[in-house]
Amino acid sequence: MKLEAGQVAVVTGAANGIGAAVAAALVARGLRVVIVDIDTDALEATADELGENALAVPADVADLAQVRALADRTLSEFGRVDLVVNNAGMGAGGPSWEIDPAAWDRVWAVNVGGVVNGVHAFTPHLIAAGRGHIVNTASLAGLTVGLFGAPYAASKAAIISISESLRGELALIAPEVGVTAVCPGPVDTQMFRGLAELADPDAAGESDGMPPEVMAKLAPMREAIAEMAKESLPPARAAEIILAAVESGKLYETTHPGMAQAARDRTDMILESFGTPDRPTRTAAP
Ligand SMILES: NC(=O)c1ccc[n+]([C@@H]2O[C@H](COP(=O)([O-])OP(=O)(O)OC[C@H]3O[C@@H](n4cnc5c(N)ncnc54)[C@H](O)[C@@H]3O)[C@@H](O)[C@H]2O)c1
């Protein structure tokens, strides 16, 4: 979809980070942008920065009623919607067995539920208009599995799956409505900085009283995160990559193609362990 002045976009999680940068890039192109977040102070500050073409609507994307109200407000205010960026997200960390099930639920409600609610509330309007585009923010973490962040990685894998289903369905029903699943690598936002702090032994682990033997086991992970931090992009650059993907109609996009090898390795590992009819795996299925 070509982005043009006069169009209307909705961006969730737009008070900070990638969402705020996407909103700024859209305003710079002359679009009117509804910015959505639960962080109301930051949302107001971002709206002030963006000027009169930004409308701040506080909402929790995990709550379907609030997302429906957001769609109604967008249409009553502007009479149209062209681009929906389901970007709001959060993480939860720790060993899988120790993460509180309530934290699993919340990550799932925000990351997956936020996308589901956005798709549910806005797609019928895009279909009726016969144009538009939906961006769902996944992550390279949805294609490669990181340790100690299972709820996040699983939620991002779900977003990838949902996006591809949606794209296939719209290709049949309303081919002029596009879908992009963005799989960012490291982008320098408060979310990534929170992760990067874990790579600093003074900032995390030791001060949390982690036993030295556990610290030793985590060392390779800390090093990997520190390496990732060196590759992190400014949010404005990530936003340009995302908007270019919208304009070119790409289903999948990443900010870090160089990190995609890990996804290939992971897929190969899965498929190789299946074996083939000619070359059965050594381990029998249960
Ligand atoms: N920064 C990275 O390295 C990176 C990498 C891969 C994917 N992502 C994804 O990019 C998206 C944006 O993340 P970011 O890095 O800009 O993080 P961020 O923390 O800077 O911004 C996320 C925003 O989402 C908002 N939010 C959280 N829960 C919400 C809810 N229930 N309803 C409405 N808003 C809510 C937060 O208040 C915040 O403003 C997320 O989906 C994240 O998972 C980020």
# chains A, B, ... in the order shown; residues from 1 in each chain; ligands from 1
call {"tool": "residues_near_ligand", "arguments": {"ligand": "ligand 1", "cutoff": "6 Å", "atoms": "only C-alpha atoms and all ligand atoms", "output": "ChimeraX atom specification"}}
result
/A:12-19,37-39,59-62,87-90,110,137-139,184-192
call {"tool": "residues_around", "arguments": {"residues": "Thr144 in chain A", "least_positions_apart": "2", "cutoff": "9 Å", "atoms": "only C-alpha atoms", "output": "number ranges by chain"}}
result
A: 140-142, 146, 153, 157, 260, 262-267
call {"tool": "write_last_selection", "arguments": {"atoms": "C-alpha atoms", "output": "compact mmCIF listing (two decimals), in the first residue's frame"}}
result
# COMPACT_ATOMS: atom_id res chain seq x y z
CA LEU A 140 13.01 -12.79 15.52
CA ALA A 141 12.43 -14.38 18.95
CA GLY A 142 9.31 -15.94 17.40
CA GLY A 146 15.69 -17.74 23.35
CA ALA A 153 9.01 -16.16 22.30
CA ALA A 157 5.60 -17.32 17.25
CA ALA A 260 18.06 -14.72 10.38
CA ALA A 262 19.55 -18.66 13.61
CA ALA A 263 15.98 -19.14 12.30
CA ARG A 264 17.26 -21.27 9.41
CA ASP A 265 19.37 -23.36 11.78
CA ARG A 266 16.41 -23.88 14.07
CA THR A 267 14.08 -24.97 11.24
call {"tool": "closest_residue", "arguments": {"among": "A:Leu147, A:Ala47, A:Val8, A:Ala239", "to": "Glu253 in chain A", "atoms": "only C-alpha atoms"}}
result
A:Ala239
call {"tool": "select_by_dssp", "arguments": {"residues": "range 167-197 of chain A", "states": "alpha helix (DSSP H)", "output": "ChimeraX atom specification"}}
result
/A:167-173,190-197
call {"tool": "closest_residue", "arguments": {"among": "A:Val119, A:Ala69, A:Glu98, A:Thr276", "to": "Ser165 in chain A", "atoms": "only C-alpha atoms"}}
result
A:Val119
call {"tool": "residues_around", "arguments": {"residues": "Gly91 in chain A", "least_positions_apart": "2", "cutoff": "12 Å", "atoms": "only C-alpha atoms", "output": "ChimeraX atom specification"}}
result
/A:88-89,93-94,99,103-112,139,141,148-156,190-192,194-195
call {"tool": "select_by_dssp", "arguments": {"residues": "range 2-56 of chain A", "states": "strand (DSSP E)", "output": "number ranges by chain"}}
result
A: 8-12, 32-37, 54-56
call {"tool": "closest_residue", "arguments": {"among": "A:Gly113, A:Pro175, A:Gly118, A:Pro101", "to": "Val135 in chain A", "atoms": "only C-alpha atoms"}}
result
A:Gly118
call {"tool": "residues_around", "arguments": {"residues": "Val84 in chain A", "least_positions_apart": "6", "cutoff": "12 Å", "atoms": "only C-alpha atoms", "output": "ChimeraX atom specification"}}
result
/A:7-14,19,22-23,26,33-36,67,70-71,74,114-115,117-123,125-126,131-137,177-181,243,246
call {"tool": "closest_residue", "arguments": {"among": "A:Val57, A:Leu64, A:Leu43, A:Ala128", "to": "Asp82 in chain A", "atoms": "only C-alpha atoms"}}
result
A:Ala128
call {"tool": "closest_residue", "arguments": {"among": "A:Leu251, A:Ala65, A:Leu75, A:Ala196", "to": "Glu164 in chain A", "atoms": "only C-alpha atoms"}}
result
A:Leu251
call {"tool": "atom_distance", "arguments": {"atom1": "CA of Leu50 in chain A", "atom2": "CA of Met1 in chain A"}}
result
22.8 Å
